[in-house]
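For reference, start_19.pdb (PDB, C-alpha atoms, pLDDT in the B column):
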```pdb
ATOM      1  CA  MET A 643     -40.005 -36.722  21.979  1.00 80.00           C
ATOM      2  CA  GLU A 644     -43.471 -37.992  21.172  1.00 84.00           C
ATOM      3  CA  TYR A 645     -45.031 -38.649  24.578  1.00 87.00           C
ATOM      4  CA  VAL A 646     -44.461 -38.054  28.299  1.00 89.00           C
ATOM      5  CA  GLU A 647     -46.827 -39.128  31.095  1.00 93.00           C
ATOM      6  CA  PHE A 648     -46.848 -38.266  34.809  1.00 92.00           C
ATOM      7  CA  GLN A 649     -49.324 -40.248  36.920  1.00 96.00           C
ATOM      8  CA  ASP A 650     -50.034 -40.704  40.647  1.00 97.00           C
ATOM      9  CA  ILE A 651     -46.960 -38.823  41.861  1.00 94.00           C
ATOM     10  CA  THR A 652     -45.952 -35.726  43.840  1.00 94.00           C
ATOM     11  CA  ILE A 653     -43.545 -33.266  42.228  1.00 89.00           C
ATOM     12  CA  ILE A 654     -41.742 -30.428  44.028  1.00 87.00           C
ATOM     13  CA  GLY A 655     -39.659 -28.058  41.940  1.00 81.00           C
ATOM     14  CA  LYS A 656     -39.729 -26.601  38.439  1.00 80.00           C
ATOM     15  CA  ILE A 657     -41.108 -28.235  35.295  1.00 82.00           C
ATOM     16  CA  LEU A 658     -40.206 -27.024  31.799  1.00 80.00           C
ATOM     17  CA  ILE A 659     -41.815 -28.794  28.821  1.00 80.00           C
ATOM     18  CA  LYS A 660     -39.887 -28.471  25.528  1.00 78.00           C
ATOM     19  CA  ARG A 661     -39.951 -30.451  22.278  1.00 78.00           C
ATOM     20  CA  VAL A 662     -42.632 -32.871  23.452  1.00 81.00           C
ATOM     21  CA  SER A 663     -45.538 -33.648  21.132  1.00 81.00           C
ATOM     22  CA  ASN A 664     -47.931 -34.903  23.821  1.00 86.00           C
ATOM     23  CA  SER A 665     -47.753 -34.599  27.620  1.00 88.00           C
ATOM     24  CA  THR A 666     -50.207 -36.002  30.160  1.00 93.00           C
ATOM     25  CA  PHE A 667     -50.509 -35.219  33.876  1.00 93.00           C
ATOM     26  CA  TYR A 668     -52.979 -37.453  35.722  1.00 96.00           C
ATOM     27  CA  ASN A 669     -53.536 -37.335  39.482  1.00 97.00           C
ATOM     28  CA  VAL A 670     -50.379 -35.297  40.033  1.00 95.00           C
ATOM     29  CA  SER A 671     -49.731 -33.135  43.107  1.00 94.00           C
ATOM     30  CA  TYR A 672     -47.368 -30.420  42.006  1.00 88.00           C
ATOM     31  CA  SER A 673     -45.666 -27.651  43.979  1.00 85.00           C
ATOM     32  CA  GLY A 674     -43.441 -25.278  42.054  1.00 77.00           C
ATOM     33  CA  LEU A 675     -43.234 -23.382  38.765  1.00 76.00           C
ATOM     34  CA  PHE A 676     -44.503 -24.757  35.479  1.00 80.00           C
ATOM     35  CA  ASN A 677     -43.401 -23.504  32.030  1.00 76.00           C
ATOM     36  CA  THR A 678     -43.824 -24.494  28.399  1.00 75.00           C
ATOM     37  CA  ARG A 679     -41.882 -22.585  25.785  1.00 68.00           C
ATOM     38  CA  ASP A 680     -41.371 -24.435  22.531  1.00 62.00           C
ATOM     39  CA  GLN A 681     -43.222 -24.403  19.229  1.00 62.00           C
ATOM     40  CA  ARG A 682     -42.948 -28.166  18.974  1.00 62.00           C
ATOM     41  CA  ASN A 683     -45.151 -28.745  22.015  1.00 63.00           C
ATOM     42  CA  LYS A 684     -48.491 -29.885  20.609  1.00 71.00           C
ATOM     43  CA  GLN A 685     -50.856 -31.095  23.334  1.00 82.00           C
ATOM     44  CA  LEU A 686     -50.824 -31.088  27.133  1.00 85.00           C
ATOM     45  CA  PHE A 687     -53.528 -32.774  29.207  1.00 90.00           C
ATOM     46  CA  PHE A 688     -53.972 -32.112  32.945  1.00 92.00           C
ATOM     47  CA  THR A 689     -56.573 -34.245  34.732  1.00 96.00           C
ATOM     48  CA  TYR A 690     -57.393 -34.599  38.449  1.00 96.00           C
ATOM     49  CA  SER A 691     -54.223 -32.726  39.349  1.00 95.00           C
ATOM     50  CA  THR A 692     -53.450 -30.152  42.048  1.00 93.00           C
ATOM     51  CA  PHE A 693     -51.084 -27.201  41.667  1.00 88.00           C
ATOM     52  CA  TYR A 694     -49.647 -25.390  44.696  1.00 84.00           C
ATOM     53  CA  SER A 695     -47.956 -21.977  44.445  1.00 70.00           C
ATOM     54  CA  GLU A 696     -45.428 -22.754  47.147  1.00 61.00           C
ATOM     55  CA  ILE A 697     -42.272 -21.876  45.226  1.00 55.00           C
ATOM     56  CA  ILE A 698     -42.282 -18.400  43.689  1.00 55.00           C
ATOM     57  CA  LYS A 699     -38.948 -16.852  42.748  1.00 59.00           C
ATOM     58  CA  GLU A 700     -38.340 -13.103  42.836  1.00 55.00           C
ATOM     59  CA  GLY A 701     -39.743 -11.336  39.807  1.00 52.00           C
ATOM     60  CA  ARG A 702     -42.063 -14.220  38.946  1.00 55.00           C
ATOM     61  CA  GLU A 703     -45.763 -13.258  39.005  1.00 61.00           C
ATOM     62  CA  ASN A 704     -47.379 -16.499  37.811  1.00 67.00           C
ATOM     63  CA  LEU A 705     -47.476 -20.128  38.880  1.00 74.00           C
ATOM     64  CA  ILE A 706     -48.003 -21.551  35.374  1.00 79.00           C
ATOM     65  CA  ARG A 707     -46.803 -20.009  32.089  1.00 78.00           C
ATOM     66  CA  LEU A 708     -47.915 -21.594  28.834  1.00 78.00           C
ATOM     67  CA  TYR A 709     -46.710 -20.819  25.306  1.00 74.00           C
ATOM     68  CA  TYR A 710     -47.744 -22.611  22.094  1.00 70.00           C
ATOM     69  CA  GLY A 711     -49.588 -25.921  22.014  1.00 73.00           C
ATOM     70  CA  ASN A 712     -53.092 -27.061  22.962  1.00 80.00           C
ATOM     71  CA  TYR A 713     -53.932 -27.192  26.682  1.00 84.00           C
ATOM     72  CA  TYR A 714     -56.706 -29.093  28.451  1.00 90.00           C
ATOM     73  CA  PHE A 715     -57.298 -28.751  32.213  1.00 92.00           C
ATOM     74  CA  ASN A 716     -59.999 -31.074  33.554  1.00 95.00           C
ATOM     75  CA  HIS A 717     -60.968 -31.405  37.243  1.00 96.00           C
ATOM     76  CA  CYS A 718     -57.880 -29.563  38.497  1.00 95.00           C
ATOM     77  CA  ILE A 719     -57.308 -27.441  41.612  1.00 93.00           C
ATOM     78  CA  PHE A 720     -55.036 -24.388  41.687  1.00 88.00           C
ATOM     79  CA  TYR A 721     -53.784 -22.691  44.863  1.00 85.00           C
ATOM     80  CA  GLY A 722     -52.559 -19.121  44.558  1.00 76.00           C
ATOM     81  CA  LYS A 723     -50.028 -17.222  46.633  1.00 70.00           C
ATOM     82  CA  LYS A 724     -49.602 -13.536  47.423  1.00 68.00           C
ATOM     83  CA  GLU A 725     -46.428 -13.317  45.312  1.00 64.00           C
ATOM     84  CA  ALA A 726     -48.392 -14.423  42.230  1.00 60.00           C
ATOM     85  CA  THR A 727     -49.787 -10.921  41.718  1.00 61.00           C
ATOM     86  CA  ASP A 728     -50.358 -11.142  37.956  1.00 63.00           C
ATOM     87  CA  SER A 729     -52.337 -14.379  37.716  1.00 70.00           C
ATOM     88  CA  ILE A 730     -52.155 -18.034  38.645  1.00 76.00           C
ATOM     89  CA  ILE A 731     -52.069 -19.126  34.988  1.00 79.00           C
ATOM     90  CA  LYS A 732     -50.653 -17.059  32.122  1.00 78.00           C
ATOM     91  CA  LEU A 733     -51.180 -18.101  28.504  1.00 77.00           C
ATOM     92  CA  THR A 734     -49.480 -15.967  25.904  1.00 72.00           C
ATOM     93  CA  SER A 735     -48.302 -15.910  22.318  1.00 62.00           C
ATOM     94  CA  ASP A 736     -44.671 -15.040  21.779  1.00 52.00           C
ATOM     95  CA  SER A 737     -42.436 -13.878  18.919  1.00 46.00           C
ATOM     96  CA  GLY A 738     -45.394 -13.571  16.562  1.00 42.00           C
ATOM     97  CA  TYR A 739     -46.609 -17.148  17.002  1.00 41.00           C
ATOM     98  CA  PRO A 740     -50.243 -17.568  18.095  1.00 46.00           C
ATOM     99  CA  LEU A 741     -51.638 -19.725  20.805  1.00 51.00           C
ATOM    100  CA  LYS A 742     -53.169 -22.821  19.226  1.00 52.00           C
ATOM    101  CA  ASP A 743     -56.815 -23.672  18.594  1.00 52.00           C
ATOM    102  CA  SER A 744     -57.710 -25.431  21.838  1.00 64.00           C
ATOM    103  CA  ILE A 745     -57.276 -23.985  25.293  1.00 78.00           C
ATOM    104  CA  SER A 746     -59.853 -25.274  27.744  1.00 87.00           C
ATOM    105  CA  PHE A 747     -60.545 -25.390  31.472  1.00 90.00           C
ATOM    106  CA  TYR A 748     -63.358 -27.638  32.657  1.00 93.00           C
ATOM    107  CA  ASP A 749     -64.613 -28.153  36.211  1.00 95.00           C
ATOM    108  CA  CYS A 750     -61.608 -26.534  37.914  1.00 93.00           C
ATOM    109  CA  ILE A 751     -61.188 -24.814  41.296  1.00 92.00           C
ATOM    110  CA  PHE A 752     -59.053 -21.755  42.099  1.00 88.00           C
ATOM    111  CA  ASN A 753     -58.310 -21.130  45.776  1.00 84.00           C
ATOM    112  CA  GLY A 754     -56.308 -18.165  47.069  1.00 73.00           C
ATOM    113  CA  ASN A 755     -56.754 -15.680  44.265  1.00 64.00           C
ATOM    114  CA  TYR A 756     -54.259 -12.876  44.897  1.00 67.00           C
ATOM    115  CA  GLY A 757     -53.660 -11.746  41.330  1.00 64.00           C
ATOM    116  CA  GLY A 758     -56.372 -13.218  39.155  1.00 74.00           C
ATOM    117  CA  CYS A 759     -56.982 -16.724  37.878  1.00 80.00           C
ATOM    118  CA  ILE A 760     -56.267 -16.629  34.161  1.00 84.00           C
ATOM    119  CA  TYR A 761     -54.321 -14.163  32.004  1.00 83.00           C
ATOM    120  CA  ILE A 762     -54.465 -14.572  28.208  1.00 85.00           C
ATOM    121  CA  SER A 763     -52.596 -12.551  25.600  1.00 83.00           C
ATOM    122  CA  ASN A 764     -52.956 -13.514  21.951  1.00 81.00           C
ATOM    123  CA  ASN A 765     -52.155 -11.894  18.614  1.00 78.00           C
ATOM    124  CA  TYR A 766     -54.830 -13.739  16.615  1.00 72.00           C
ATOM    125  CA  LYS A 767     -58.546 -13.388  17.397  1.00 71.00           C
ATOM    126  CA  ASP A 768     -59.566 -16.579  15.588  1.00 70.00           C
ATOM    127  CA  ARG A 769     -57.870 -18.633  18.331  1.00 72.00           C
ATOM    128  CA  LYS A 770     -60.389 -19.197  21.125  1.00 79.00           C
ATOM    129  CA  ALA A 771     -60.043 -20.211  24.753  1.00 84.00           C
ATOM    130  CA  PHE A 772     -62.864 -22.021  26.589  1.00 89.00           C
ATOM    131  CA  ILE A 773     -63.573 -22.009  30.319  1.00 90.00           C
ATOM    132  CA  GLU A 774     -66.496 -23.936  31.803  1.00 92.00           C
ATOM    133  CA  ASN A 775     -67.561 -24.815  35.356  1.00 95.00           C
ATOM    134  CA  ILE A 776     -65.000 -22.772  37.277  1.00 92.00           C
ATOM    135  CA  TYR A 777     -65.144 -22.228  41.057  1.00 92.00           C
ATOM    136  CA  ILE A 778     -63.143 -19.440  42.704  1.00 88.00           C
ATOM    137  CA  PHE A 779     -62.829 -19.465  46.504  1.00 80.00           C
ATOM    138  CA  ASN A 780     -60.762 -17.355  48.863  1.00 71.00           C
ATOM    139  CA  GLU A 781     -60.683 -19.309  52.090  1.00 58.00           C
ATOM    140  CA  GLY A 782     -59.153 -18.138  55.329  1.00 48.00           C
ATOM    141  CA  SER A 783     -58.395 -14.566  56.369  1.00 45.00           C
ATOM    142  CA  LYS A 784     -59.066 -11.553  54.186  1.00 51.00           C
ATOM    143  CA  PHE A 785     -56.351 -10.715  51.670  1.00 48.00           C
ATOM    144  CA  SER A 786     -56.046  -8.234  48.820  1.00 52.00           C
ATOM    145  CA  GLN A 787     -56.369  -8.899  45.129  1.00 54.00           C
ATOM    146  CA  LYS A 788     -53.472  -7.077  43.403  1.00 56.00           C
ATOM    147  CA  GLY A 789     -54.078  -8.001  39.766  1.00 64.00           C
ATOM    148  CA  THR A 790     -56.638  -6.945  37.169  1.00 77.00           C
ATOM    149  CA  GLY A 791     -59.371  -9.466  36.321  1.00 80.00           C
ATOM    150  CA  PHE A 792     -59.864 -11.807  39.274  1.00 83.00           C
ATOM    151  CA  ILE A 793     -61.722 -14.217  36.994  1.00 87.00           C
ATOM    152  CA  ALA A 794     -60.017 -13.446  33.682  1.00 88.00           C
ATOM    153  CA  SER A 795     -57.802 -10.821  32.028  1.00 88.00           C
ATOM    154  CA  ILE A 796     -57.387 -10.832  28.243  1.00 89.00           C
ATOM    155  CA  TYR A 797     -55.083  -8.694  26.099  1.00 89.00           C
ATOM    156  CA  ASN A 798     -54.383  -7.751  22.476  1.00 90.00           C
ATOM    157  CA  TYR A 799     -56.649  -9.878  20.209  1.00 89.00           C
ATOM    158  CA  SER A 800     -57.693 -12.636  22.585  1.00 89.00           C
ATOM    159  CA  ASN A 801     -61.030 -14.426  22.292  1.00 89.00           C
ATOM    160  CA  LEU A 802     -62.426 -16.036  25.449  1.00 91.00           C
ATOM    161  CA  ILE A 803     -65.653 -17.966  26.067  1.00 93.00           C
ATOM    162  CA  LEU A 804     -66.732 -18.587  29.693  1.00 93.00           C
ATOM    163  CA  ARG A 805     -69.661 -20.668  30.932  1.00 95.00           C
ATOM    164  CA  ASN A 806     -70.802 -21.401  34.499  1.00 96.00           C
ATOM    165  CA  VAL A 807     -68.462 -19.452  36.764  1.00 94.00           C
ATOM    166  CA  TYR A 808     -68.828 -19.059  40.544  1.00 93.00           C
ATOM    167  CA  ALA A 809     -66.693 -16.714  42.678  1.00 90.00           C
ATOM    168  CA  ASP A 810     -66.885 -15.961  46.409  1.00 88.00           C
ATOM    169  CA  ASN A 811     -65.141 -13.474  48.754  1.00 83.00           C
ATOM    170  CA  VAL A 812     -63.079 -11.185  46.528  1.00 80.00           C
ATOM    171  CA  TYR A 813     -61.240  -8.151  47.927  1.00 77.00           C
ATOM    172  CA  CYS A 814     -60.005  -5.776  45.209  1.00 75.00           C
ATOM    173  CA  ASP A 815     -57.105  -3.686  46.469  1.00 73.00           C
ATOM    174  CA  SER A 816     -55.900  -2.526  43.039  1.00 72.00           C
ATOM    175  CA  THR A 817     -58.000   0.141  41.303  1.00 73.00           C
ATOM    176  CA  ASN A 818     -57.842  -1.952  38.113  1.00 74.00           C
ATOM    177  CA  CYS A 819     -59.234  -5.020  39.846  1.00 80.00           C
ATOM    178  CA  CYS A 820     -62.532  -6.318  38.485  1.00 84.00           C
ATOM    179  CA  ALA A 821     -64.152  -9.595  37.508  1.00 87.00           C
ATOM    180  CA  PHE A 822     -63.417  -9.326  33.787  1.00 89.00           C
ATOM    181  CA  PHE A 823     -60.621  -7.169  32.348  1.00 90.00           C
ATOM    182  CA  ILE A 824     -60.056  -6.487  28.629  1.00 91.00           C
ATOM    183  CA  SER A 825     -57.248  -4.646  26.870  1.00 90.00           C
ATOM    184  CA  GLY A 826     -56.881  -4.044  23.133  1.00 92.00           C
ATOM    185  CA  ASP A 827     -59.417  -5.418  20.632  1.00 93.00           C
ATOM    186  CA  SER A 828     -60.160  -8.630  22.505  1.00 93.00           C
ATOM    187  CA  GLU A 829     -63.496 -10.431  22.694  1.00 93.00           C
ATOM    188  CA  MET A 830     -65.211 -12.116  25.638  1.00 94.00           C
ATOM    189  CA  ASP A 831     -68.469 -14.093  25.741  1.00 95.00           C
ATOM    190  CA  VAL A 832     -69.621 -14.820  29.308  1.00 94.00           C
ATOM    191  CA  SER A 833     -72.783 -16.492  30.572  1.00 95.00           C
ATOM    192  CA  ASP A 834     -74.112 -17.938  33.837  1.00 96.00           C
ATOM    193  CA  VAL A 835     -71.862 -16.218  36.361  1.00 94.00           C
ATOM    194  CA  THR A 836     -72.501 -15.876  40.109  1.00 95.00           C
ATOM    195  CA  ILE A 837     -70.309 -13.641  42.284  1.00 91.00           C
ATOM    196  CA  ASN A 838     -70.856 -13.452  46.047  1.00 91.00           C
ATOM    197  CA  ASN A 839     -69.193 -10.826  48.253  1.00 86.00           C
ATOM    198  CA  ILE A 840     -66.988  -8.525  46.216  1.00 84.00           C
ATOM    199  CA  TYR A 841     -65.271  -5.538  47.827  1.00 81.00           C
ATOM    200  CA  GLY A 842     -63.223  -2.917  46.009  1.00 77.00           C
ATOM    201  CA  ASN A 843     -61.363   0.383  46.254  1.00 74.00           C
ATOM    202  CA  GLY A 844     -62.111   1.455  42.690  1.00 73.00           C
ATOM    203  CA  GLY A 845     -65.028   1.535  40.286  1.00 74.00           C
ATOM    204  CA  GLY A 846     -66.016  -0.950  37.636  1.00 82.00           C
ATOM    205  CA  LEU A 847     -65.933  -3.988  39.885  1.00 85.00           C
ATOM    206  CA  ILE A 848     -67.479  -6.251  37.253  1.00 88.00           C
ATOM    207  CA  PHE A 849     -65.920  -5.060  33.988  1.00 88.00           C
ATOM    208  CA  LYS A 850     -63.077  -2.810  32.828  1.00 88.00           C
ATOM    209  CA  SER A 851     -61.443  -2.155  29.469  1.00 89.00           C
ATOM    210  CA  ILE A 852     -58.396  -0.070  28.514  1.00 88.00           C
ATOM    211  CA  ASP A 853     -56.148   0.720  25.550  1.00 90.00           C
ATOM    212  CA  PRO A 854     -58.332  -0.130  22.511  1.00 90.00           C
ATOM    213  CA  TYR A 855     -56.581  -0.561  19.165  1.00 92.00           C
ATOM    214  CA  GLU A 856     -58.927   0.007  16.211  1.00 89.00           C
ATOM    215  CA  GLN A 857     -62.415  -1.405  16.817  1.00 88.00           C
ATOM    216  CA  GLY A 858     -62.092  -1.792  20.559  1.00 91.00           C
ATOM    217  CA  PHE A 859     -63.425  -4.650  22.658  1.00 92.00           C
ATOM    218  CA  ASN A 860     -66.551  -6.784  22.353  1.00 92.00           C
ATOM    219  CA  CYS A 861     -68.025  -8.306  25.505  1.00 93.00           C
ATOM    220  CA  ILE A 862     -71.278 -10.150  26.196  1.00 93.00           C
ATOM    221  CA  LEU A 863     -72.347 -10.732  29.824  1.00 92.00           C
ATOM    222  CA  LYS A 864     -75.403 -12.973  30.086  1.00 94.00           C
ATOM    223  CA  ASN A 865     -77.149 -14.290  33.196  1.00 94.00           C
ATOM    224  CA  LEU A 866     -74.903 -12.473  35.656  1.00 92.00           C
ATOM    225  CA  THR A 867     -75.793 -12.586  39.374  1.00 92.00           C
ATOM    226  CA  VAL A 868     -73.919 -10.464  41.928  1.00 90.00           C
ATOM    227  CA  ASN A 869     -74.669 -10.613  45.666  1.00 92.00           C
ATOM    228  CA  ASN A 870     -73.248  -8.104  48.159  1.00 88.00           C
ATOM    229  CA  MET A 871     -71.004  -5.720  46.241  1.00 83.00           C
ATOM    230  CA  GLU A 872     -69.262  -2.856  48.099  1.00 82.00           C
ATOM    231  CA  MET A 873     -67.041  -0.081  46.748  1.00 77.00           C
ATOM    232  CA  ASN A 874     -64.897   2.347  48.772  1.00 75.00           C
ATOM    233  CA  ASN A 875     -63.866   5.298  46.629  1.00 70.00           C
ATOM    234  CA  ASN A 876     -63.365   8.978  47.446  1.00 64.00           C
ATOM    235  CA  GLN A 877     -64.250  10.002  43.895  1.00 67.00           C
ATOM    236  CA  GLU A 878     -67.345   9.458  41.794  1.00 66.00           C
ATOM    237  CA  SER A 879     -67.068   6.217  39.881  1.00 68.00           C
ATOM    238  CA  ALA A 880     -69.271   3.643  38.185  1.00 74.00           C
ATOM    239  CA  LEU A 881     -69.885   0.588  40.305  1.00 73.00           C
ATOM    240  CA  LEU A 882     -70.381  -2.024  37.583  1.00 79.00           C
ATOM    241  CA  SER A 883     -68.406  -1.024  34.500  1.00 79.00           C
ATOM    242  CA  ILE A 884     -65.690   1.366  33.312  1.00 82.00           C
ATOM    243  CA  HIS A 885     -64.755   0.928  29.683  1.00 81.00           C
ATOM    244  CA  ASP A 886     -63.192   2.606  26.694  1.00 81.00           C
ATOM    245  CA  LYS A 887     -63.986   2.171  22.994  1.00 88.00           C
ATOM    246  CA  GLY A 888     -65.938  -1.001  22.277  1.00 90.00           C
ATOM    247  CA  ASN A 889     -69.236  -2.806  22.826  1.00 91.00           C
ATOM    248  CA  LEU A 890     -70.596  -4.171  26.110  1.00 89.00           C
ATOM    249  CA  TYR A 891     -73.839  -6.166  26.106  1.00 91.00           C
ATOM    250  CA  ILE A 892     -75.474  -7.170  29.396  1.00 87.00           C
ATOM    251  CA  LYS A 893     -78.353  -9.602  28.926  1.00 85.00           C
ATOM    252  CA  GLU A 894     -80.656 -11.754  31.009  1.00 78.00           C
TER     253      GLU A 894
END
```

Translate the structure described by the file into structure tokens.
Amino acid sequence: MEYVEFQDITIIGKILIKRVSNSTFYNVSYSGLFNTRDQRNKQLFFTYSTFYSEIIKEGRENLIRLYYGNYYFNHCIFYGKKEATDSIIKLTSDSGYPLKDSISFYDCIFNGNYGGCIYISNNYKDRKAFIENIYIFNEGSKFSQKGTGFIASIYNYSNLILRNVYADNVYCDSTNCCAFFISGDSEMDVSDVTINNIYGNGGGLIFKSIDPYEQGFNCILKNLTVNNMEMNNNQESALLSIHDKGNLYIKE
């Protein structure tokens, strides 16, 4: 199928996109689980749409799972749920196939961040993901963040570029919880980030890395502002960063 469009509707249930060259979601209110899992998916556009994590089946740790294809999220809102402990959105390569060239989030809001916003796992470093103008809010009563990177977690050989990120009221219950989490030989370039009110039970509340492969990670943090950061830990631990083999650059 060449083209599918959803516009000005409410959808409750599960969506699975397969064998569709181009898909467009415009002004869609969606509650359920969203999957793509086919090499023939080429481009998906999401604009002015809202995603609610109201239906989470047992064993499912994400609201949205994306494989293959190019993905563009513009002016979207995502609501998390406590069962989504891994991340709200998971983008991953599978069976040796890479994620495609274009993965972008622009001017999006994440509300109710129980397990992180975005999880990316890729086998090819030349494929880049772009995130710009992201707002992360945890409204209502205090709840615990169970995942790793509450802004982003990247694995294997992922390459992520983030610009203009704001996060407020984050409670890290997991000892691996931090703002930015890297595993493998991934790369992350981050600038213009403001985080207000972050509380954690482990060290490295801003950055953590684990399990390097050969060269380790590369991460640039530029123009980072953190207001009111508290850590409760019975052992000595670094407040800002805990990392393994690799390079971390913190710049003005």

Would you translate the PyMOL selection byres ((chain A and resi 754) around 6) into the concrete set of residues it matches in this file, as number ranges by chain? A: 721-722, 753, 755, 780

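When only C-alpha atoms are used to compute distances to Arg707 of chain A, the closest of the residues A:Ser663, A:Thr692, A:Ser729, A:Gln685 turns out to be A:Ser729.
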
With the file shown as input, list the residues that the PyMOL selection byres ((chain A and resi 805-818) around 8) selects, as a PyMOL selection string. chain A and resi 773-780+784-793+803-804+819-820+832-845+850

Translate the PyMOL selection byres ((chain A and resi 644) around 9), as applied to the file shown, into an explicit residue set as JSON, numbers by chain. {"A": [643, 645, 646, 661, 662, 663, 664, 665]}

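The environment of segment 669-679 of chain A within 6 Å, counting only C-alpha atoms and disregarding residues fewer than 3 places along the same chain, consists of Gln649, Asp650, Ile651, Thr652, Ile653, Ile654, Gly655, Lys656, Ile657, Leu658, Ile659, Tyr690, Ser691, Thr692, Phe693, Tyr694, Glu696, Ile697, Leu705, Ile706, Arg707, Leu708 and Tyr709 of chain A.
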
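Distances from A:Asn764, A:Phe822, A:Asp749, A:Phe687 to Tyr668 of chain A were compared using only C-alpha atoms, and the smallest one belongs to A:Phe687.
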
Keeping N, CA and C atoms (and nothing else), can you write segment 660-679 of chain A of this structure as a PDB file, in the first residue's frame?
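New file result_30.pdb:
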```
ATOM      1  N   LYS A 660       2.149  -2.081   8.698  1.00  0.00           N
ATOM      2  CA  LYS A 660       2.973  -3.010   7.923  1.00  0.00           C
ATOM      3  C   LYS A 660       2.732  -2.785   6.428  1.00  0.00           C
ATOM      4  N   ARG A 661       3.821  -2.818   5.668  1.00  0.00           N
ATOM      5  CA  ARG A 661       3.753  -2.765   4.205  1.00  0.00           C
ATOM      6  C   ARG A 661       3.063  -1.504   3.696  1.00  0.00           C
ATOM      7  N   VAL A 662       3.329  -0.391   4.352  1.00  0.00           N
ATOM      8  CA  VAL A 662       2.766   0.892   3.932  1.00  0.00           C
ATOM      9  C   VAL A 662       3.919   1.846   3.650  1.00  0.00           C
ATOM     10  N   SER A 663       3.959   2.398   2.452  1.00  0.00           N
ATOM     11  CA  SER A 663       5.072   3.275   2.080  1.00  0.00           C
ATOM     12  C   SER A 663       5.044   4.581   2.861  1.00  0.00           C
ATOM     13  N   ASN A 664       3.871   5.205   2.972  1.00  0.00           N
ATOM     14  CA  ASN A 664       3.754   6.485   3.657  1.00  0.00           C
ATOM     15  C   ASN A 664       2.492   6.508   4.516  1.00  0.00           C
ATOM     16  N   SER A 665       2.655   6.896   5.784  1.00  0.00           N
ATOM     17  CA  SER A 665       1.525   7.001   6.710  1.00  0.00           C
ATOM     18  C   SER A 665       1.540   8.377   7.354  1.00  0.00           C
ATOM     19  N   THR A 666       0.355   8.973   7.496  1.00  0.00           N
ATOM     20  CA  THR A 666       0.233  10.298   8.089  1.00  0.00           C
ATOM     21  C   THR A 666      -0.830  10.278   9.181  1.00  0.00           C
ATOM     22  N   PHE A 667      -0.477  10.826  10.345  1.00  0.00           N
ATOM     23  CA  PHE A 667      -1.416  11.001  11.450  1.00  0.00           C
ATOM     24  C   PHE A 667      -1.479  12.497  11.750  1.00  0.00           C
ATOM     25  N   TYR A 668      -2.651  13.104  11.559  1.00  0.00           N
ATOM     26  CA  TYR A 668      -2.799  14.535  11.775  1.00  0.00           C
ATOM     27  C   TYR A 668      -3.997  14.785  12.688  1.00  0.00           C
ATOM     28  N   ASN A 669      -3.728  15.459  13.803  1.00  0.00           N
ATOM     29  CA  ASN A 669      -4.774  15.764  14.782  1.00  0.00           C
ATOM     30  C   ASN A 669      -5.523  14.498  15.200  1.00  0.00           C
ATOM     31  N   VAL A 670      -4.764  13.505  15.623  1.00  0.00           N
ATOM     32  CA  VAL A 670      -5.315  12.228  16.057  1.00  0.00           C
ATOM     33  C   VAL A 670      -5.150  12.089  17.567  1.00  0.00           C
ATOM     34  N   SER A 671      -6.209  11.698  18.257  1.00  0.00           N
ATOM     35  CA  SER A 671      -6.146  11.355  19.676  1.00  0.00           C
ATOM     36  C   SER A 671      -6.137   9.840  19.773  1.00  0.00           C
ATOM     37  N   TYR A 672      -5.044   9.309  20.289  1.00  0.00           N
ATOM     38  CA  TYR A 672      -4.868   7.860  20.236  1.00  0.00           C
ATOM     39  C   TYR A 672      -4.600   7.295  21.621  1.00  0.00           C
ATOM     40  N   SER A 673      -5.331   6.254  21.981  1.00  0.00           N
ATOM     41  CA  SER A 673      -5.135   5.567  23.258  1.00  0.00           C
ATOM     42  C   SER A 673      -4.951   4.089  22.979  1.00  0.00           C
ATOM     43  N   GLY A 674      -3.755   3.580  23.254  1.00  0.00           N
ATOM     44  CA  GLY A 674      -3.501   2.169  22.995  1.00  0.00           C
ATOM     45  C   GLY A 674      -2.036   1.892  22.765  1.00  0.00           C
ATOM     46  N   LEU A 675      -1.741   0.851  21.992  1.00  0.00           N
ATOM     47  CA  LEU A 675      -0.377   0.451  21.675  1.00  0.00           C
ATOM     48  C   LEU A 675      -0.135   0.653  20.189  1.00  0.00           C
ATOM     49  N   PHE A 676       1.052   1.150  19.875  1.00  0.00           N
ATOM     50  CA  PHE A 676       1.374   1.469  18.482  1.00  0.00           C
ATOM     51  C   PHE A 676       2.654   0.748  18.088  1.00  0.00           C
ATOM     52  N   ASN A 677       2.608  -0.018  16.981  1.00  0.00           N
ATOM     53  CA  ASN A 677       3.768  -0.777  16.506  1.00  0.00           C
ATOM     54  C   ASN A 677       3.975  -0.562  15.012  1.00  0.00           C
ATOM     55  N   THR A 678       5.229  -0.561  14.590  1.00  0.00           N
ATOM     56  CA  THR A 678       5.576  -0.739  13.179  1.00  0.00           C
ATOM     57  C   THR A 678       6.641  -1.816  13.129  1.00  0.00           C
ATOM     58  N   ARG A 679       6.496  -2.745  12.195  1.00  0.00           N
ATOM     59  CA  ARG A 679       7.475  -3.830  12.137  1.00  0.00           C
ATOM     60  C   ARG A 679       7.508  -4.430  10.729  1.00  0.00           C
TER      61      ARG A 679
END
```
